[in-house]
Structures are given as structure tokens and as C-alpha cells.
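Trainee: As input, take my_file_0.cif (mmCIF, C-alpha atoms):
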data_start
loop_
_atom_site.label_atom_id
_atom_site.label_comp_id
_atom_site.auth_asym_id
_atom_site.auth_seq_id
_atom_site.Cartn_x
_atom_site.Cartn_y
_atom_site.Cartn_z
CA MET A 90 -13.57 -12.82 -18.44
CA ALA A 91 -10.66 -10.53 -17.56
CA ASP A 92 -11.00 -6.84 -18.39
CA LYS A 93 -7.21 -6.69 -18.73
CA THR A 94 -4.38 -9.17 -18.38
CA VAL A 95 -1.04 -7.98 -17.00
CA PHE A 96 2.09 -10.13 -17.42
CA VAL A 97 4.94 -9.93 -14.90
CA GLU A 98 8.20 -11.88 -14.84
CA GLY A 99 8.13 -14.54 -12.15
CA ARG A 100 11.65 -13.71 -11.00
CA ALA A 101 10.69 -10.02 -10.59
CA LEU A 102 7.87 -11.01 -8.26
CA ALA A 103 10.18 -13.38 -6.39
CA PHE A 104 12.80 -10.66 -5.99
CA VAL A 105 10.58 -7.98 -4.48
CA SER A 106 8.69 -10.49 -2.32
CA PHE A 107 11.71 -10.60 0.01
CA ALA A 108 10.92 -7.00 1.01
CA THR A 109 7.35 -7.70 2.18
CA ASP A 110 6.15 -8.40 5.71
CA ARG A 111 3.38 -10.91 5.16
CA ARG A 112 2.45 -10.93 8.86
CA SER A 113 2.05 -7.16 9.16
CA CYS A 114 -1.35 -5.76 9.99
CA ARG A 115 -0.44 -2.71 7.86
CA SER A 116 -1.48 -3.52 4.31
CA PRO A 117 1.19 -1.40 2.52
CA LEU A 118 3.96 -3.40 4.25
CA ARG A 119 2.65 -6.76 3.09
CA GLY A 120 1.76 -5.64 -0.43
CA MET A 121 3.68 -5.70 -3.69
CA ARG A 122 2.94 -2.73 -5.93
CA ILE A 123 2.78 -3.41 -9.66
CA GLU A 124 2.66 -0.38 -11.92
CA HIS A 125 3.24 0.72 -15.50
CA HIS A 126 6.10 3.20 -15.84
CA ASN A 127 7.67 4.54 -19.04
CA GLY A 128 6.60 1.49 -21.04
CA GLN A 129 7.79 -1.03 -18.46
CA THR A 130 6.15 -2.91 -15.63
CA ILE A 131 7.69 -2.14 -12.24
CA CYS A 132 7.30 -4.20 -9.07
CA ALA A 133 8.15 -2.66 -5.69
CA ALA A 134 7.76 -3.60 -2.04
CA THR A 135 9.02 -2.65 1.40
CA ASP A 136 8.78 -3.68 5.03
CA ARG A 137 10.35 -0.38 6.23
CA LYS A 138 13.71 -2.10 6.69
CA ILE A 139 14.48 -2.76 3.04
CA MET A 140 12.85 -1.68 -0.20
CA LEU A 141 13.27 -3.62 -3.44
CA TYR A 142 12.15 -2.93 -7.00
CA ALA A 143 12.37 -4.90 -10.24
CA ARG A 144 11.66 -3.96 -13.82
CA SER A 145 9.76 -6.71 -15.60
CA ARG A 146 10.59 -7.15 -19.27
CA ASP A 147 7.09 -8.32 -20.16
CA VAL A 148 5.33 -5.89 -22.49
CA ASN A 149 1.98 -4.56 -21.26
CA GLU A 150 -0.28 -1.76 -22.29
CA SER A 151 -0.75 0.97 -19.70
CA PHE A 152 -2.70 -0.10 -16.61
CA ASP A 153 -3.63 1.35 -13.23
CA PRO A 154 -1.27 0.39 -10.36
CA PHE A 155 -2.44 -2.42 -8.11
CA TYR A 156 -1.23 -4.04 -4.90
CA ILE A 157 -0.96 -7.80 -4.35
CA ASP A 158 -1.60 -8.92 -0.79
CA THR A 159 1.28 -11.34 -0.21
CA HIS A 160 -0.32 -12.63 3.00
CA GLN A 161 -3.05 -14.05 0.76
CA GLY A 162 -0.64 -15.11 -1.99
CA GLU A 163 1.90 -17.36 -0.29
CA ARG A 164 1.48 -20.09 -2.91
CA LEU A 165 2.21 -17.70 -5.76
CA ILE A 166 5.31 -16.34 -4.02
CA HIS A 167 6.52 -19.85 -3.24
CA ILE A 168 6.39 -21.11 -6.81
CA CYS A 169 7.93 -17.89 -8.19
CA ARG A 170 10.87 -18.37 -5.83
CA ASP A 171 11.38 -22.11 -6.14
CA ARG A 172 10.08 -23.15 -9.56
CA ASP A 173 11.00 -22.18 -13.12
CA ILE A 174 8.17 -19.68 -13.67
CA ASP A 175 8.76 -17.49 -16.72
CA HIS A 176 5.96 -15.04 -16.06
CA VAL A 177 2.68 -14.66 -14.21
CA ALA A 178 -0.53 -13.42 -15.82
CA PHE A 179 -2.91 -11.44 -13.59
CA GLU A 180 -6.48 -11.25 -14.83
CA LEU A 181 -7.68 -7.84 -13.65
CA THR A 182 -11.45 -7.58 -13.44
CA GLY A 183 -11.98 -4.62 -11.16
CA GLU A 184 -12.59 -6.98 -8.22
CA LEU A 185 -10.38 -7.44 -5.17
CA MET A 186 -10.05 -11.21 -5.73
CA ILE A 187 -8.30 -11.91 -9.04
CA VAL A 188 -6.93 -14.94 -10.89
CA TRP A 189 -3.21 -15.53 -11.48
CA LEU A 190 -1.70 -18.00 -13.93
CA ALA A 191 1.92 -19.16 -13.65
CA LEU A 192 3.28 -19.79 -17.14
CA SER A 193 6.41 -21.43 -18.51
CA ALA A 194 8.67 -19.92 -21.17
CA ASP A 195 6.54 -21.54 -23.90
CA ASN A 196 3.29 -20.26 -22.32
CA ILE A 197 2.25 -23.58 -20.83
CA GLU A 198 0.14 -23.11 -17.72
CA ILE A 199 1.94 -24.56 -14.72
CA GLU A 200 -0.43 -23.52 -11.97
CA ARG A 201 -3.23 -21.07 -11.26
CA GLY A 202 -4.95 -19.66 -8.22
CA PHE A 203 -6.65 -16.68 -6.64
CA ILE A 204 -4.99 -13.75 -4.92
CA ARG A 205 -6.43 -10.82 -3.05
CA LEU A 206 -5.61 -7.24 -3.95
CA ILE A 207 -5.27 -4.52 -1.34
CA ARG A 208 -7.93 -1.85 -1.61
CA PRO A 209 -6.58 1.36 -3.16
CA SER A 210 -8.24 3.29 -0.32
CA ASP A 211 -5.99 1.42 2.16
CA ILE A 212 -2.85 2.77 0.46
CA PRO A 213 -1.94 6.35 1.49
CA GLU A 214 -0.61 8.81 -1.02
CA TRP A 215 3.19 8.98 -0.92
CA ASP A 216 5.89 11.12 -2.41
CA TRP A 217 7.45 8.16 -4.18
CA ARG A 218 10.82 9.75 -5.01
CA SER A 219 11.43 11.41 -1.67
CA ALA A 220 14.06 8.91 -0.59
CA LEU A 221 16.21 9.39 -3.68
CA PRO A 222 18.58 12.20 -4.59
CA SER A 223 17.05 14.40 -7.28
CA GLU A 224 20.25 14.33 -9.32
CA PRO A 225 23.29 12.07 -9.73
CA PHE A 226 25.38 11.86 -6.60
CA MET A 227 28.85 10.90 -5.49
CA PRO A 228 29.10 8.24 -2.78
CA ALA A 229 29.40 9.85 0.64
CA GLU A 230 32.24 8.94 2.95
CA LEU A 231 29.72 7.94 5.61
CA LEU A 232 30.20 4.30 6.56
CA GLU A 233 26.82 2.64 6.63
CA VAL A 234 26.20 0.42 9.65
CA LEU A 235 23.66 -2.13 8.43
CA ASN A 236 21.68 -4.81 10.19
CA PRO A 237 22.85 -8.17 8.79
CA ARG A 238 19.38 -9.74 8.78
CA PRO A 239 17.80 -7.41 6.19
CA LEU A 240 21.01 -7.57 4.19
CA SER A 241 20.85 -11.37 4.15
CA ARG A 242 17.34 -11.15 2.70
CA VAL A 243 18.64 -8.86 -0.02
CA CYS A 244 21.30 -11.44 -0.90
CA ARG A 245 18.70 -14.22 -0.99
CA ALA A 246 16.52 -12.12 -3.27
CA ILE A 247 19.41 -11.54 -5.67
CA ASP A 248 20.27 -15.24 -5.62
CA ARG A 249 16.68 -16.15 -6.57
CA TYR A 250 16.64 -13.52 -9.32
CA ILE A 251 19.94 -14.40 -10.98
CA ARG A 252 19.78 -18.15 -10.21
CA ASP A 253 22.64 -19.66 -12.22
CA GLY A 254 24.72 -16.50 -12.43
CA SER A 255 26.41 -14.32 -9.85
CA GLY A 256 26.03 -10.73 -8.82
CA SER A 257 27.91 -8.31 -6.57
CA VAL A 258 26.04 -6.07 -4.15
CA SER A 259 27.15 -2.48 -3.58
CA ILE A 260 25.81 -0.35 -0.75
CA VAL A 261 25.99 3.33 -1.73
CA SER A 262 25.34 6.01 0.87
CA CYS A 263 23.40 9.10 -0.19
CA GLY A 264 24.36 10.91 3.02
CA SER A 265 23.15 11.05 6.58
CA PHE A 266 19.55 10.24 7.44
CA ARG A 267 18.78 8.71 4.04
CA PRO A 268 18.40 5.04 3.14
CA ALA A 269 21.48 3.56 1.50
CA LEU A 270 21.01 2.48 -2.12
CA ILE A 271 21.42 -1.16 -3.08
CA SER A 272 23.18 -1.54 -6.42
CA ILE A 273 23.51 -4.95 -8.11
CA GLN A 274 26.33 -4.81 -10.61
CA SER A 275 25.19 -7.64 -12.86
CA THR A 276 21.84 -6.09 -13.84
CA ASP A 277 20.14 -2.70 -14.14
CA ASP A 278 16.66 -4.18 -13.76
CA ILE A 279 16.68 -4.64 -9.99
CA GLY A 280 17.75 -2.59 -6.98
CA GLY A 281 16.49 -1.00 -3.82
CA ALA A 282 17.42 0.55 -0.51
CA ILE A 283 18.16 -0.49 3.04
CA THR A 284 17.96 1.43 6.29
CA SER A 285 21.07 1.84 8.40
CA GLU A 286 21.31 1.97 12.16
CA GLN A 287 21.16 5.76 11.93
CA THR A 288 18.42 6.01 9.31
CA LYS A 289 14.69 5.41 9.47
CA TRP A 290 12.07 5.74 6.76
CA ALA A 291 10.46 9.16 7.01
CA GLY A 292 6.78 9.11 7.98
CA PRO A 293 4.56 7.04 5.67
CA ARG A 294 6.97 7.28 2.74
CA CYS A 295 7.82 3.60 2.80
CA LEU A 296 7.59 2.86 -0.93
CA PRO A 297 9.81 5.30 -2.83
CA ASP A 298 9.96 4.84 -6.60
CA PHE A 299 13.53 3.96 -7.50
CA THR A 300 13.13 4.40 -11.25
CA ARG A 301 15.08 7.36 -12.59
CA PRO A 302 12.67 10.26 -13.27
CA ASN A 303 14.86 11.67 -16.05
CA ALA A 304 16.50 9.21 -18.43
CA ALA A 305 18.80 11.96 -19.73
CA LEU A 306 20.59 12.08 -16.38
CA PRO A 307 23.46 9.62 -15.91
CA ASP A 308 22.72 6.71 -13.64
CA ALA A 309 24.06 6.94 -10.10
CA ARG A 310 26.21 3.86 -10.66
CA GLU A 311 27.90 5.51 -13.63
CA VAL A 312 28.71 8.59 -11.55
CA ALA A 313 29.96 6.43 -8.69
CA ALA A 314 32.26 4.58 -11.06
#
Before anything else, please render the file you have as C-alpha cells.
Mentor:
Amino acid sequence: MADKTVFVEGRALAFVSFATDRRSCRSPLRGMRIEHHNGQTICAATDRKIMLYARSRDVNESFDPFYIDTHQGERLIHICRDRDIDHVAFELTGELMIVWLALSADNIEIERGFIRLIRPSDIPEWDWRSALPSEPFMPAELLEVLNPRPLSRVCRAIDRYIRDGSGSVSIVSCGSFRPALISIQSTDDIGGAITSEQTKWAGPRCLPDFTRPNAALPDAREVAA
């Protein structure tokens, strides 16, 4: 019996999965973090080249953050990307091996399986907002020189998330030696960052939290507009 069940939109999981490195021997780089933040469920992942986050609209009570090991969850990622999965229920029991249930829009179970969590002790403590400006910013004049391969994964992730719609990608520079922000104009629920040829992630800070710490501040996209 699950101690707590957490629901996450399937398309949110599919979106951030494109920023994981399932073959990495470093557990943070192959894990998807799921956390409760300001009443919403946030998914985030990075492989140190790109970082993606998605806000899931499923309503959950507060829960402790946990990391899904995507190397052990290839089936779950596959069906979230390629099938019409409305949301996924994770049955948290305090164990490292947990049950997931893929559900349709009318809560019909489509598929279930097991997935391994990454031990909290394997995840170092990070300053999650270190890669973001602390206040709204104007786009810098710096021209970002981006590797096309990570950018193509970002576009694939957006395509899987939006599916039948369309979305434009904006790359906004925060200045030298910082990751460039990824802004998707069709939705405020997803976004991320990408390293340029001149920029590298600083130290172990490879999973910055891209949610705005102060809702009273205008969003960066509004300032850029």
C-alpha cells in the first residue's frame, strides 16, 4: 500500500526526459527531479548541456522531492513520449523501488511497472537558483553560439509536449558565462537553459531551479518584450 501517491502529467515527464543522460554513471545526470513548489509539481532534469523544467498541473499535497532513475525507467519514458498518457501516478512507499501507473484522461490504467529512485544521499546539495538572474533582466547583446545537437533535443522535447500545436523557441542570453535561457512562447509551464560554446555549468550546480522565486516580480519574458 502506498504511503503517498503523486500524480505528474505524462507530457511533463516526457519533456524533461530529453535533458537526461540515461547512460551516465553520475546519478544526478540520469535522474529526473520531481518536487512540490508553491502548490505545483515541478519536474526538472539536466545532462550538463541542457536543463529542462516543466510545471505539472496535477494537484498534489506537499511531498518530499524524489529522483527517478531514467536508466531504470526507459519503458515509462517511452510511453510518455509516444502514447497518449494523461498522467502518471507514483506510489511512494519510502523504498527505492516504487510502482508507477500510466493513466488515461478518464483514469483508466494503461500500463504499470516498477522504477528505481536515486538515493537522496547520492544527490549533492546545490544552490538551485545560482544559474538564474536574481531579478528581471534585459536580453544581452551577446550572440549565443549554441551546439545544434542539444538544441535539436530541445525542439524534440517541445514537439512532444505540445503535440498538435506549435511553439516558438527563444534563446535569451543572461550575459557572459551564464547558460542561455530557453523560452517557449506558447506556454509558461515549460522552459530551461542551454550551455553555449563559451559557457559551462559551474561546479556541481547542474540542476538550477527555474521557477521564479518571487511571483511579484515580472517574468523575464515580459521584460524582454
Trainee: Around the point (10.8, -2.5, -17.6) in the file's coordinates, collect all residues with an atom within 6 Å, using only C-alpha atoms, and return them as a list in words.
Mentor: Gln129, Thr130, Arg144, Ser145 and Arg146 of chain A
Trainee: To verify the selection step, state as a PyMOL selection string which residues the PyMOL selection byres ((chain A and resi 238) around 12) yields on this input.
Mentor: chain A and resi 107-108+138-139+235-237+239-245+283-285
Trainee: To one decimal place, how far is CA of Glu98 (chain A) from CA of Asp147 (chain A) in Å?
Mentor: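 Pair CA of Glu98 (chain A) / CA of Asp147 (chain A) returns 6.5 Å.
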Trainee: Rank A:Val95, A:Ile273, A:Ile123, A:Met186 by their smallest atom-to-atom distance to Ile247 (chain A), using all atoms listed in the file, and report the top residue only.
Mentor: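 The closest residue to Ile247 (chain A) is A:Ile273.
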Trainee: In Å to one decimal, how far is CA of Asp153 (chain A) from CA of His125 (chain A)?
Mentor: 7.3 Å
Trainee: Which is closer to Gly202 (chain A) than all the others in A:Asp173, A:Glu184, A:Asp136, A:Glu163, using all atoms listed in the file?
Mentor: A:Glu163
Trainee: Hey, could you patch up region 240-251 of chain A with all heavy atoms and hand it over as a compact mmCIF listing (two decimals), in the frame of the given file?
Mentor:
# COMPACT_ATOMS: atom_id res chain seq x y z
N LEU A 240 20.05 -7.41 5.26
CA LEU A 240 21.01 -7.57 4.19
C LEU A 240 21.05 -9.01 3.68
O LEU A 240 21.21 -9.25 2.48
CB LEU A 240 22.40 -7.13 4.66
CG LEU A 240 23.48 -7.02 3.58
CD1 LEU A 240 23.05 -6.08 2.47
CD2 LEU A 240 24.80 -6.56 4.19
N SER A 241 20.87 -9.96 4.58
CA SER A 241 20.85 -11.37 4.15
C SER A 241 19.64 -11.65 3.27
O SER A 241 19.72 -12.44 2.33
CB SER A 241 20.86 -12.30 5.36
OG SER A 241 19.63 -12.23 6.08
N ARG A 242 18.51 -10.98 3.55
CA ARG A 242 17.34 -11.15 2.70
C ARG A 242 17.58 -10.56 1.32
O ARG A 242 17.11 -11.10 0.32
CB ARG A 242 16.11 -10.51 3.34
CG ARG A 242 15.48 -11.37 4.43
CD ARG A 242 14.13 -10.84 4.83
NE ARG A 242 14.25 -9.62 5.61
CZ ARG A 242 13.53 -8.54 5.40
NH1 ARG A 242 12.67 -8.48 4.40
NH2 ARG A 242 13.66 -7.48 6.18
N VAL A 243 18.29 -9.44 1.26
CA VAL A 243 18.64 -8.86 -0.02
C VAL A 243 19.47 -9.84 -0.84
O VAL A 243 19.23 -10.05 -2.04
CB VAL A 243 19.41 -7.53 0.17
CG1 VAL A 243 19.96 -7.03 -1.16
CG2 VAL A 243 18.51 -6.48 0.80
N CYS A 244 20.44 -10.48 -0.20
CA CYS A 244 21.30 -11.44 -0.90
C CYS A 244 20.50 -12.65 -1.37
O CYS A 244 20.73 -13.16 -2.48
CB CYS A 244 22.45 -11.87 0.00
SG CYS A 244 23.62 -10.55 0.38
N ARG A 245 19.56 -13.11 -0.58
CA ARG A 245 18.70 -14.22 -0.99
C ARG A 245 17.84 -13.82 -2.18
O ARG A 245 17.63 -14.62 -3.10
CB ARG A 245 17.83 -14.68 0.17
CG ARG A 245 18.59 -15.43 1.26
CD ARG A 245 17.72 -15.63 2.48
NE ARG A 245 16.49 -16.33 2.16
CZ ARG A 245 15.37 -16.27 2.90
NH1 ARG A 245 15.34 -15.50 3.97
NH2 ARG A 245 14.31 -16.96 2.56
N ALA A 246 17.34 -12.59 -2.16
CA ALA A 246 16.52 -12.12 -3.27
C ALA A 246 17.31 -12.07 -4.56
O ALA A 246 16.84 -12.50 -5.62
CB ALA A 246 15.96 -10.72 -2.94
N ILE A 247 18.55 -11.60 -4.48
CA ILE A 247 19.41 -11.54 -5.67
C ILE A 247 19.73 -12.94 -6.17
O ILE A 247 19.72 -13.20 -7.38
CB ILE A 247 20.70 -10.77 -5.35
CG1 ILE A 247 20.37 -9.31 -5.02
CG2 ILE A 247 21.68 -10.82 -6.52
CD1 ILE A 247 21.52 -8.54 -4.43
N ASP A 248 19.97 -13.85 -5.25
CA ASP A 248 20.27 -15.24 -5.62
C ASP A 248 19.09 -15.86 -6.36
O ASP A 248 19.27 -16.57 -7.35
CB ASP A 248 20.62 -16.04 -4.37
CG ASP A 248 20.99 -17.48 -4.69
OD1 ASP A 248 21.98 -17.69 -5.40
OD2 ASP A 248 20.27 -18.39 -4.23
N ARG A 249 17.86 -15.61 -5.90
CA ARG A 249 16.68 -16.15 -6.57
C ARG A 249 16.49 -15.51 -7.94
O ARG A 249 16.02 -16.15 -8.88
CB ARG A 249 15.43 -15.91 -5.72
CG ARG A 249 15.34 -16.72 -4.45
CD ARG A 249 15.21 -18.22 -4.72
NE ARG A 249 14.78 -18.94 -3.52
CZ ARG A 249 15.58 -19.28 -2.52
NH1 ARG A 249 16.86 -18.94 -2.57
NH2 ARG A 249 15.12 -19.95 -1.48
N TYR A 250 16.84 -14.23 -8.06
CA TYR A 250 16.64 -13.52 -9.32
C TYR A 250 17.63 -13.99 -10.38
O TYR A 250 17.26 -14.28 -11.52
CB TYR A 250 16.78 -12.01 -9.09
CG TYR A 250 16.49 -11.18 -10.32
CD1 TYR A 250 15.20 -10.73 -10.59
CD2 TYR A 250 17.50 -10.83 -11.22
CE1 TYR A 250 14.92 -9.96 -11.71
CE2 TYR A 250 17.23 -10.06 -12.34
CZ TYR A 250 15.94 -9.64 -12.58
OH TYR A 250 15.68 -8.88 -13.70
N ILE A 251 18.90 -14.07 -10.01
CA ILE A 251 19.94 -14.40 -10.98
C ILE A 251 20.05 -15.90 -11.20
O ILE A 251 20.39 -16.36 -12.28
CB ILE A 251 21.29 -13.81 -10.50
CG1 ILE A 251 21.18 -12.28 -10.43
CG2 ILE A 251 22.43 -14.19 -11.43
CD1 ILE A 251 22.41 -11.59 -9.89
